[in-house]
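Asker: Sharing input-v1.tsv here; it has TSV, C-alpha atoms and all ligand atoms.
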chain	number	residue	atom	x	y	z
A	1	MET	CA	196.67	64.29	139.45
A	2	GLU	CA	195.56	62.30	136.42
A	3	ARG	CA	192.91	64.37	134.73
A	4	VAL	CA	192.48	68.13	134.44
A	5	ALA	CA	189.83	70.26	132.73
A	6	VAL	CA	190.93	73.52	131.13
A	7	LEU	CA	187.99	75.83	130.43
A	8	GLY	CA	188.84	78.42	127.78
A	9	ALA	CA	190.73	77.67	124.57
A	10	GLY	CA	192.36	81.05	123.92
A	11	SER	CA	196.14	81.55	123.77
A	12	TRP	CA	196.91	80.82	127.39
A	13	GLY	CA	194.23	78.18	128.02
A	14	THR	CA	195.40	76.16	125.01
A	15	THR	CA	199.05	76.61	125.90
A	16	PHE	CA	198.58	75.66	129.56
A	17	ALA	CA	196.58	72.61	128.44
A	18	LYS	CA	199.56	71.64	126.26
A	19	VAL	CA	201.94	72.09	129.21
A	20	LEU	CA	199.79	69.79	131.38
A	21	ALA	CA	199.57	67.20	128.59
A	22	ASP	CA	203.33	67.38	127.96
A	23	ALA	CA	203.78	66.75	131.70
A	24	GLY	CA	201.82	63.49	131.31
A	25	THR	CA	198.48	64.72	132.67
A	26	ASP	CA	195.34	63.91	130.64
A	27	VAL	CA	193.57	67.13	129.68
A	28	VAL	CA	190.16	68.01	128.33
A	29	LEU	CA	190.06	71.52	126.89
A	30	TRP	CA	186.73	73.33	126.67
A	31	ALA	CA	186.27	75.71	123.73
A	32	ARG	CA	183.31	78.07	123.48
A	33	ARG	CA	182.93	77.44	119.75
A	34	PRO	CA	182.26	73.82	118.67
A	35	GLU	CA	184.28	74.34	115.47
A	36	VAL	CA	187.37	75.18	117.53
A	37	ALA	CA	186.95	72.02	119.61
A	38	ASP	CA	186.40	69.92	116.47
A	39	ALA	CA	189.46	71.41	114.78
A	40	ILE	CA	191.64	70.69	117.81
A	41	ASP	CA	190.47	67.08	117.94
A	42	GLY	CA	190.70	66.66	114.18
A	43	SER	CA	193.90	68.48	113.21
A	44	ARG	CA	195.57	68.81	116.68
A	45	VAL	CA	195.92	72.56	116.06
A	46	ASN	CA	194.11	75.61	117.47
A	47	ALA	CA	194.62	77.69	114.35
A	48	ASP	CA	192.98	80.87	115.67
A	49	TYR	CA	195.16	81.22	118.75
A	50	LEU	CA	198.25	79.04	118.27
A	51	PRO	CA	198.79	78.48	114.57
A	52	GLY	CA	201.43	75.89	113.76
A	53	VAL	CA	201.56	74.38	117.25
A	54	VAL	CA	200.75	70.67	117.28
A	55	LEU	CA	198.91	69.63	120.45
A	56	PRO	CA	199.66	66.30	122.16
A	57	GLU	CA	197.41	63.22	121.83
A	58	ASN	CA	196.51	63.14	125.54
A	59	LEU	CA	194.76	66.52	125.10
A	60	SER	CA	191.21	66.34	123.79
A	61	ALA	CA	188.76	69.17	123.19
A	62	THR	CA	185.02	69.64	123.59
A	63	SER	CA	182.49	72.46	123.59
A	64	ASP	CA	180.46	70.60	126.24
A	65	ALA	CA	181.60	71.94	129.62
A	66	GLY	CA	179.95	69.04	131.47
A	67	LYS	CA	182.08	66.57	129.52
A	68	ALA	CA	185.24	68.52	130.25
A	69	LEU	CA	184.47	68.73	133.96
A	70	ALA	CA	183.47	65.10	134.57
A	71	GLY	CA	186.09	63.41	136.74
A	72	ALA	CA	188.54	66.33	136.70
A	73	GLN	CA	190.80	66.65	139.74
A	74	ALA	CA	191.60	70.24	138.87
A	75	VAL	CA	189.56	72.78	136.93
A	76	VAL	CA	191.65	75.45	135.23
A	77	LEU	CA	189.75	78.65	134.44
A	78	ALA	CA	191.24	80.29	131.35
A	79	VAL	CA	188.68	82.91	130.36
A	80	PRO	CA	189.04	86.70	130.61
A	81	SER	CA	188.75	88.27	134.08
A	82	GLN	CA	185.60	90.22	133.31
A	83	THR	CA	183.68	87.14	132.06
A	84	LEU	CA	184.90	84.68	134.69
A	85	ARG	CA	181.99	85.30	137.06
A	86	GLY	CA	179.39	84.65	134.35
A	87	ASN	CA	181.19	81.59	133.00
A	88	LEU	CA	181.72	80.01	136.40
A	89	THR	CA	178.11	80.64	137.38
A	90	ALA	CA	177.09	78.53	134.38
A	91	TRP	CA	179.54	75.77	135.33
A	92	ARG	CA	179.32	75.71	139.11
A	93	ASP	CA	176.75	72.91	139.44
A	94	ARG	CA	179.02	70.57	137.51
A	95	LEU	CA	182.28	71.26	139.34
A	96	PRO	CA	183.62	67.96	140.73
A	97	ALA	CA	183.66	67.81	144.54
A	98	ASP	CA	187.08	68.66	145.98
A	99	ALA	CA	188.63	69.58	142.61
A	100	THR	CA	191.21	72.36	142.86
A	101	LEU	CA	189.92	75.47	141.09
A	102	VAL	CA	192.76	77.21	139.29
A	103	SER	CA	192.72	80.75	137.92
A	104	LEU	CA	194.92	81.71	134.96
A	105	ALA	CA	193.30	85.13	134.58
A	106	LYS	CA	195.20	88.32	135.41
A	107	GLY	CA	192.75	91.03	136.34
A	108	VAL	CA	190.55	92.69	138.95
A	109	GLU	CA	186.79	92.57	138.46
A	110	LEU	CA	185.09	95.84	137.56
A	111	GLY	CA	182.39	96.89	140.03
A	112	THR	CA	183.19	94.44	142.83
A	113	LEU	CA	186.96	95.18	142.75
A	114	LYS	CA	187.57	91.52	143.57
A	115	ARG	CA	190.59	89.44	142.63
A	116	MET	CA	189.88	86.33	140.56
A	117	SER	CA	190.37	83.94	143.49
A	118	GLU	CA	187.78	85.94	145.43
A	119	VAL	CA	185.33	85.72	142.53
A	120	ILE	CA	185.88	81.95	142.31
A	121	ARG	CA	185.40	81.43	146.06
A	122	GLU	CA	182.21	83.46	145.99
A	123	VAL	CA	180.64	81.90	142.89
A	124	ALA	CA	181.62	78.29	143.58
A	125	SER	CA	181.09	78.60	147.37
A	126	VAL	CA	184.45	77.01	148.16
A	127	PRO	CA	186.97	77.79	150.90
A	128	GLU	CA	190.16	79.68	150.01
A	129	ASP	CA	192.34	76.58	150.30
A	130	ARG	CA	190.63	75.04	147.26
A	131	VAL	CA	191.59	77.90	144.95
A	132	ALA	CA	194.96	78.24	143.25
A	133	VAL	CA	196.33	80.84	140.85
A	134	VAL	CA	199.05	80.52	138.22
A	135	SER	CA	201.04	83.66	137.52
A	136	GLY	CA	204.49	84.52	136.19
A	137	PRO	CA	206.40	85.55	133.05
A	138	ASN	CA	204.31	83.32	130.80
A	139	LEU	CA	203.86	84.74	127.31
A	140	ALA	CA	201.82	81.95	125.77
A	141	LYS	CA	203.45	81.86	122.33
A	142	GLU	CA	206.94	81.34	123.77
A	143	ILE	CA	205.76	78.52	126.03
A	144	ALA	CA	203.81	76.88	123.20
A	145	ALA	CA	207.07	76.85	121.25
A	146	GLY	CA	208.74	75.01	124.14
A	147	GLN	CA	210.94	77.91	125.26
A	148	PRO	CA	212.03	77.59	128.91
A	149	THR	CA	210.22	79.59	131.57
A	150	ALA	CA	209.24	79.52	135.22
A	151	THR	CA	205.97	80.35	136.94
A	152	VAL	CA	204.30	80.42	140.35
A	153	ILE	CA	201.42	78.28	141.59
A	154	ALA	CA	199.93	80.08	144.55
A	155	CYS	CA	197.53	78.42	146.99
A	156	THR	CA	197.04	78.76	150.72
A	157	ASP	CA	197.00	74.94	150.81
A	158	HIS	CA	200.63	74.08	150.06
A	159	ASP	CA	199.84	70.42	149.32
A	160	ARG	CA	197.34	71.37	146.64
A	161	ALA	CA	199.92	73.67	145.04
A	162	VAL	CA	202.44	70.81	145.05
A	163	ASP	CA	199.93	68.45	143.37
A	164	LEU	CA	199.38	70.99	140.63
A	165	GLN	CA	203.11	71.64	140.40
A	166	HIS	CA	203.66	67.96	139.65
A	167	ALA	CA	200.85	67.97	137.10
A	168	CYS	CA	202.42	70.77	135.01
A	169	SER	CA	206.19	70.39	135.39
A	170	THR	CA	207.95	69.79	132.08
A	171	PRO	CA	211.54	70.20	130.85
A	172	TYR	CA	210.57	73.68	129.56
A	173	PHE	CA	208.09	74.79	132.27
A	174	ARG	CA	209.23	75.09	135.90
A	175	PRO	CA	206.51	75.96	138.42
A	176	TYR	CA	207.37	77.14	141.95
A	177	THR	CA	204.83	77.10	144.77
A	178	ASN	CA	203.87	80.08	146.95
A	179	VAL	CA	201.24	80.58	149.63
A	180	ASP	CA	200.84	84.31	148.92
A	181	VAL	CA	197.78	84.25	146.66
A	182	VAL	CA	197.06	87.97	147.13
A	183	GLY	CA	200.56	89.07	146.08
A	184	CYS	CA	200.70	86.76	143.07
A	185	GLU	CA	197.31	87.87	141.81
A	186	LEU	CA	198.03	91.57	142.27
A	187	GLY	CA	201.38	91.21	140.52
A	188	GLY	CA	199.64	89.63	137.52
A	189	ALA	CA	196.81	92.16	137.36
A	190	CYS	CA	198.88	95.32	137.89
A	191	LYS	CA	201.64	94.45	135.43
A	192	ASN	CA	199.14	94.58	132.56
A	193	VAL	CA	198.41	98.22	133.42
A	194	ILE	CA	202.11	99.07	133.72
A	195	ALA	CA	202.73	97.34	130.36
A	196	LEU	CA	200.14	99.63	128.79
A	197	ALA	CA	202.10	102.62	130.15
A	198	CYS	CA	205.40	101.19	128.83
A	199	GLY	CA	203.78	100.65	125.44
A	200	MET	CA	202.56	104.25	125.41
A	201	ALA	CA	206.08	105.46	126.17
A	202	ALA	CA	207.53	103.34	123.36
A	203	GLY	CA	204.79	104.53	121.01
A	204	LEU	CA	205.72	108.13	121.83
A	205	GLY	CA	209.29	107.32	120.77
A	206	PHE	CA	210.91	107.14	124.19
A	207	GLY	CA	213.69	104.64	124.88
A	208	ASP	CA	214.87	102.18	127.49
A	209	ASN	CA	215.47	104.64	130.34
A	210	THR	CA	211.84	105.69	130.20
A	211	VAL	CA	210.59	102.13	130.06
A	212	ALA	CA	212.86	101.03	132.93
A	213	SER	CA	211.67	103.97	135.02
A	214	ILE	CA	208.02	103.04	134.42
A	215	ILE	CA	208.69	99.38	135.23
A	216	THR	CA	210.42	100.27	138.48
A	217	ARG	CA	207.93	102.88	139.63
A	218	GLY	CA	205.14	100.57	138.49
A	219	LEU	CA	206.52	97.88	140.75
A	220	ALA	CA	206.65	100.41	143.62
A	221	GLU	CA	202.96	101.30	143.25
A	222	THR	CA	201.98	97.63	142.89
A	223	ALA	CA	203.86	96.81	146.10
A	224	ARG	CA	202.15	99.71	147.90
A	225	LEU	CA	198.75	98.31	146.97
A	226	GLY	CA	199.87	94.81	147.93
A	227	GLU	CA	201.05	95.94	151.34
A	228	GLU	CA	197.64	97.46	152.02
A	229	LEU	CA	195.92	94.20	151.02
A	230	GLY	CA	198.16	91.97	153.13
A	231	ALA	CA	200.49	90.59	150.43
A	232	ASP	CA	204.04	89.50	151.25
A	233	PRO	CA	206.30	92.30	149.90
A	234	LEU	CA	208.87	89.72	148.75
A	235	THR	CA	206.36	88.28	146.28
A	236	PHE	CA	206.78	91.43	144.18
A	237	ALA	CA	210.49	90.67	143.76
A	238	GLY	CA	209.59	87.19	142.50
A	239	LEU	CA	208.32	85.63	139.27
A	240	ALA	CA	204.72	86.80	139.70
A	241	GLY	CA	205.96	90.35	140.45
A	242	LEU	CA	209.12	91.59	138.78
A	243	GLY	CA	209.40	88.53	136.51
A	244	ASP	CA	206.05	88.99	134.84
A	245	LEU	CA	206.35	92.78	134.84
A	246	VAL	CA	209.64	92.71	132.93
A	247	ALA	CA	208.45	90.09	130.43
A	248	THR	CA	205.21	91.89	129.68
A	249	CYS	CA	206.59	95.42	129.60
A	250	ALA	CA	209.45	94.46	127.28
A	251	SER	CA	207.89	91.98	124.88
A	252	PRO	CA	206.34	92.72	121.50
A	253	LEU	CA	204.29	89.54	122.12
A	254	SER	CA	202.42	91.21	124.99
A	255	ARG	CA	198.92	92.30	124.01
A	256	ASN	CA	198.92	94.98	126.73
A	257	ARG	CA	202.24	96.50	125.71
A	258	THR	CA	201.24	96.42	122.04
A	259	PHE	CA	197.88	98.04	122.86
A	260	GLY	CA	199.66	100.82	124.76
A	261	GLU	CA	202.11	101.34	121.92
A	262	ARG	CA	199.22	101.94	119.54
A	263	LEU	CA	197.71	104.52	121.91
A	264	GLY	CA	201.12	106.19	122.17
A	265	ARG	CA	201.32	106.40	118.39
A	266	GLY	CA	197.95	108.15	118.31
A	267	ASP	CA	195.44	105.35	117.77
A	268	THR	CA	192.07	105.70	119.48
A	269	LEU	CA	190.93	103.07	121.97
A	270	ALA	CA	188.60	101.65	119.31
A	271	GLN	CA	191.42	101.41	116.76
A	272	ALA	CA	193.71	99.66	119.24
A	273	GLN	CA	190.88	97.29	120.19
A	274	GLU	CA	190.24	96.48	116.56
A	275	ALA	CA	193.91	95.69	116.00
A	276	ALA	CA	193.85	93.22	118.92
A	277	HIS	CA	191.57	90.92	116.85
A	278	GLY	CA	189.37	89.98	119.78
A	279	GLN	CA	192.28	89.00	122.05
A	280	VAL	CA	192.03	90.35	125.55
A	281	ALA	CA	194.31	93.17	126.82
A	282	GLU	CA	193.24	92.89	130.45
A	283	GLY	CA	194.87	96.12	131.61
A	284	VAL	CA	192.42	98.25	129.62
A	285	LYS	CA	189.66	97.30	132.06
A	286	SER	CA	191.75	96.51	135.12
A	287	CYS	CA	193.29	100.00	135.10
A	288	SER	CA	189.87	101.25	136.22
A	289	SER	CA	189.19	98.59	138.86
A	290	ILE	CA	192.72	98.79	140.29
A	291	ARG	CA	192.55	102.58	140.36
A	292	GLU	CA	189.24	102.40	142.24
A	293	LEU	CA	190.65	99.84	144.67
A	294	ALA	CA	193.68	102.06	145.31
A	295	GLU	CA	191.48	105.09	145.82
A	296	ARG	CA	189.32	103.19	148.28
A	297	LEU	CA	192.40	102.15	150.26
A	298	GLY	CA	194.14	105.52	150.01
A	299	VAL	CA	197.07	104.12	147.99
A	300	ASP	CA	198.89	106.40	145.56
A	301	MET	CA	199.09	104.74	142.10
A	302	PRO	CA	199.91	107.56	139.67
A	303	ILE	CA	200.80	105.37	136.67
A	304	THR	CA	197.60	103.35	136.99
A	305	GLU	CA	195.62	106.58	137.38
A	306	GLY	CA	197.25	107.97	134.24
A	307	VAL	CA	196.60	104.82	132.20
A	308	HIS	CA	192.94	104.94	133.25
A	309	ARG	CA	192.71	108.57	132.15
A	310	VAL	CA	194.25	107.83	128.75
A	311	CYS	CA	192.07	104.77	128.15
A	312	HIS	CA	188.79	106.08	129.49
A	313	GLU	CA	188.92	109.87	129.81
A	314	GLY	CA	190.59	110.77	126.55
A	315	LEU	CA	193.85	112.07	128.06
A	316	ASP	CA	196.63	112.47	125.49
A	317	PRO	CA	199.57	110.16	126.40
A	318	ARG	CA	201.93	113.14	125.91
A	319	VAL	CA	200.08	115.02	128.62
A	320	LEU	CA	200.35	111.93	130.87
A	321	THR	CA	204.15	111.97	130.51
A	322	ALA	CA	204.34	115.61	131.53
A	323	ALA	CA	201.93	115.03	134.42
A	324	LEU	CA	203.94	112.08	135.80
A	325	LEU	CA	207.25	113.93	135.59
A	326	GLY	CA	205.74	117.10	137.01
A	327	ARG	CA	204.52	115.48	140.22
A	328	GLU	CA	205.70	116.82	143.54
A	329	ARG	CA	209.31	115.77	144.19
A	330	LYS	CA	209.74	113.12	146.87
A	331	ALA	CA	212.03	110.44	148.31
A	332	GLU	CA	212.21	107.12	146.42
A	333	ARG	CA	210.99	105.07	149.38
A	334	GLU	CA	208.17	107.39	150.42
B	401	LIG	N1	198.17	84.89	126.53
B	401	LIG	C1	199.08	84.91	127.47
B	401	LIG	O1	200.27	84.92	127.17
B	401	LIG	C2	198.69	84.89	128.92
B	401	LIG	C3	197.41	85.24	129.33
B	401	LIG	N2	197.11	85.24	130.66
B	401	LIG	C4	195.78	85.57	131.13
B	401	LIG	O2	194.91	84.50	130.82
B	401	LIG	C5	193.58	84.99	130.64
B	401	LIG	C6	193.05	84.45	129.32
B	401	LIG	O3	193.89	85.00	128.33
B	401	LIG	P1	194.13	84.40	126.90
B	401	LIG	O4	193.86	82.96	126.81
B	401	LIG	O5	195.46	84.85	126.48
B	401	LIG	O6	193.04	85.26	126.12
B	401	LIG	P2	192.54	85.11	124.65
B	401	LIG	O7	191.97	86.42	124.27
B	401	LIG	O8	193.60	84.50	123.82
B	401	LIG	O9	191.38	84.01	124.81
B	401	LIG	C7	190.29	84.17	125.66
B	401	LIG	C8	189.44	82.93	125.58
B	401	LIG	O10	188.28	83.15	126.35
B	401	LIG	C9	187.17	82.99	125.51
B	401	LIG	N3	186.17	83.97	125.89
B	401	LIG	C10	186.11	85.26	125.62
B	401	LIG	N4	184.99	85.79	126.11
B	401	LIG	C11	184.33	84.78	126.67
B	401	LIG	C12	183.11	84.66	127.31
B	401	LIG	N5	182.30	85.69	127.49
B	401	LIG	N6	182.75	83.45	127.76
B	401	LIG	C13	183.55	82.38	127.59
B	401	LIG	N7	184.73	82.43	126.98
B	401	LIG	C14	185.11	83.62	126.53
B	401	LIG	C15	187.63	83.20	124.08
B	401	LIG	O11	186.78	82.49	123.19
B	401	LIG	C16	189.01	82.59	124.17
B	401	LIG	O12	188.93	81.20	124.03
B	401	LIG	C17	193.68	86.51	130.69
B	401	LIG	O13	193.30	86.93	131.97
B	401	LIG	C18	195.16	86.80	130.48
B	401	LIG	O14	195.57	87.98	131.13
B	401	LIG	C19	198.02	84.87	131.61
B	401	LIG	C20	199.28	84.49	131.24
B	401	LIG	C21	199.71	84.48	129.88
B	402	LIG	O1	200.42	87.63	131.13
B	402	LIG	C1	201.14	87.56	130.15
B	402	LIG	C2	202.56	87.16	130.25
B	402	LIG	O2	202.88	86.66	131.49
B	402	LIG	C3	200.62	87.94	128.82
B	402	LIG	O3	200.55	89.29	128.69
B	402	LIG	P1	199.56	89.98	127.65
B	402	LIG	O4	198.17	89.64	128.10
B	402	LIG	O5	199.89	91.42	127.70
B	402	LIG	O6	199.87	89.37	126.30
In structure tokens, write the structure found in this file.
Answerer:
Amino acid sequence: MERVAVLGAGSWGTTFAKVLADAGTDVVLWARRPEVADAIDGSRVNADYLPGVVLPENLSATSDAGKALAGAQAVVLAVPSQTLRGNLTAWRDRLPADATLVSLAKGVELGTLKRMSEVIREVASVPEDRVAVVSGPNLAKEIAAGQPTATVIACTDHDRAVDLQHACSTPYFRPYTNVDVVGCELGGACKNVIALACGMAAGLGFGDNTVASIITRGLAETARLGEELGADPLTFAGLAGLGDLVATCASPLSRNRTFGERLGRGDTLAQAQEAAHGQVAEGVKSCSSIRELAERLGVDMPITEGVHRVCHEGLDPRVLTAALLGRERKAERE
């Protein structure tokens, strides 16, 4: 793979573009705002999202999506989950034939309850083997600083996943392949919701036992949903499951965990949103779509339900704690 387009120049889009470029792949990064593209080309820095990180010379930027897409062998979609459909609809006529379409987004679409790979297949009218997802413990700022991490590239077409794996392997970024797209996507979407719950617990002043209990029970409810949707249960013990869940729930760099912490300390949703400075905390919306999906499938997801009620029905996080602990007693594996 010689040339890749990355569409979306936020924290993760810019960082993943840097990873590709560091791996020797030529990258064109699309930024919504022309001034961001100009600044990246001029100063080699995306000051809004990755201040202080110098981007490699084989990474160029543009605000013209057609230019970014021309000749790309892979198209990496790095916009928020809830805008992906609209963005891709605008781009679909210019997608190069046979390019691999790669989702970086971690969410479930409101209304349709679709995973990002499903949205991409539908909008771009491509078969499932042309769509890949990248998911794992990948806090952008750490990766941009060159700190070692691993990730998963999931695609039902193993050869496509391997091509992408080669295109983004660097001494600090180790991608594994996986054919379980459903499991990897659900792991990435659900962990944002669980991280909100962990943040709320921390904001309420609770310690590591509480957070570990939420992580573990959060993984249990994610796996229950996955089982219903045909995911491989072992995926949830891997990088896109437990790996990402632990990183996000524990890190002060996580926007979702930080957002939850603010709610736990008594901020309103609007105050927490304001403090995020326009950066996306996907779990705030995905808690509702995942909850609805679970309800439709008859899957019990009490933490997700509680996060939805705090975010969108005004439930006090303290009442959520009592409600979760006061549930009917049961066996761990039930
Ligand atoms: N930041 C991180 O550490 C990681 C983020 N992700 C996922 O990657 C996805 C993107 O996240 P980030 O880059 O971190 O978000 P971000 O908030 O840093 O940036 C989002 C980007 O999308 C653009 N954008 C926002 N609304 C748009 C719209 N309507 N149309 C077109 N572009 C729009 C923004 O201008 C910005 O460039 C999310 O689903 C997130 O969960 C996944 C792994 C790591
Ligand atoms: O997905 C991420 C780490 O893998 C980033 O998490 P946040 O969106 O909560 O910052």
Asker: Might you pull out every residue within 12 Å of Pro302 of chain A, with only C-alpha atoms counted and same-chain residues fewer than 6 positions away left off, and present them as a list in words?
Answerer: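 Here the qualifying residues turn out to be Val193, Ile194, Ala197, Ile214, Arg217, Gly218, Leu219, Ala220, Glu221, Thr222, Arg224, Leu225, Cys287, Ile290, Arg291, Ala294, Glu295, His308, Arg309, Leu320, Thr321, Ala323, Leu324, Leu325, Gly326, Arg327 and Glu328 of chain A.
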Asker: Would you compute the distance between atom CA of Arg32 of chain A and atom CA of Val280 of chain A? Give it in Å to one decimal.
Answerer: 15.2 Å
Asker: Atom CA of His158 of chain A and atom CA of Thr177 of chain A, how far apart in Å?
Answerer: 7.4 Å
Asker: Using atom CA of Asn256 of chain A and atom CA of Asp300 of chain A as the two end points, give the distance in Å to one decimal.
Answerer: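 So the answer is 22.0 Å.
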Asker: Around all the atoms of ligand LIG 402 (chain B) listed in the file, draw an axis-aligned box and extend it by 6 Å on each of the six sides; I want its centre and edge lengths in Å to one decimal, as lines of an AutoDock Vina configuration file.
Answerer:
center_x = 200.5
center_y = 89.0
center_z = 128.9
size_x = 16.7
size_y = 16.8
size_z = 17.2
Asker: For a quick check of your reading of the model, name the residues lying within 10 Å of the coordinate (201.4, 94.2, 148.7), counting only C-alpha atoms, and write them as a VMD selection string.
Answerer: chain A and resid 180 182 to 184 186 to 187 220 to 236
Asker: Which residue gives the smallest distance to ligand LIG 402 (chain B) among A:Ala270, A:Ala250, A:Val310, A:Val4, with only C-alpha atoms and all ligand atoms counted?
Answerer: A:Ala250
Asker: Please return as a ChimeraX atom specification the residues found within 8 Å of ligand LIG 401 (chain B), counting only C-alpha atoms and all ligand atoms.
Answerer: /A:8-14,31-33,49,78-81,83-84,86-87,104-107,134-141,188-189,192,253-255,278-282
Asker: In the coordinates of the file, take the point (192.1, 68.0, 138.2) and a cut-off of 7 Å; then, counting only C-alpha atoms, name each qualifying protein, DNA or RNA residue as a compact mmCIF listing (two decimals) with C-alpha atoms, in the coordinates of the input.
Answerer:
# COMPACT_ATOMS: atom_id res chain seq x y z
CA MET A 1 196.67 64.29 139.45
CA GLU A 2 195.56 62.30 136.42
CA ARG A 3 192.91 64.37 134.73
CA VAL A 4 192.48 68.13 134.44
CA ALA A 5 189.83 70.26 132.73
CA ALA A 72 188.54 66.33 136.70
CA GLN A 73 190.80 66.65 139.74
CA ALA A 74 191.60 70.24 138.87
CA VAL A 75 189.56 72.78 136.93
CA ALA A 99 188.63 69.58 142.61
CA THR A 100 191.21 72.36 142.86
Asker: Please identify all polymer residues within 6 Å of segment 108-121 of chain A, counting only C-alpha atoms, omitting same-chain residues fewer than 2 positions from it, and present them as a list of chain:residue names.
Answerer: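 Once the nearby chain positions are removed, what remains is A:Gln82, A:Val123, A:Ala124, A:Ser125, A:Val126, A:Ser286, A:Ser289.
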Asker: Could you check which of A:Gly199, A:Gly71, A:Pro96, A:Gly264 is closest to ligand LIG 402 (chain B), using only C-alpha atoms and all ligand atoms?
Answerer: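 Of all the options, A:Gly199 lies closest to ligand LIG 402 (chain B).
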Asker: Excluding Val53 of chain A and any residue of its chain fewer than 6 positions from it, enumerate the residues within 9 Å of it, using only C-alpha atoms, and give them as a count of residues only.
Answerer: 6
Asker: A:Asn209, A:Ser63, A:Ser288, A:Thr15: which is nearest ligand LIG 402 (chain B), counting all atoms listed in the file?
Answerer: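 Of A:Asn209, A:Ser63, A:Ser288, A:Thr15, the one nearest ligand LIG 402 (chain B), counting all atoms listed in the file, is A:Thr15.
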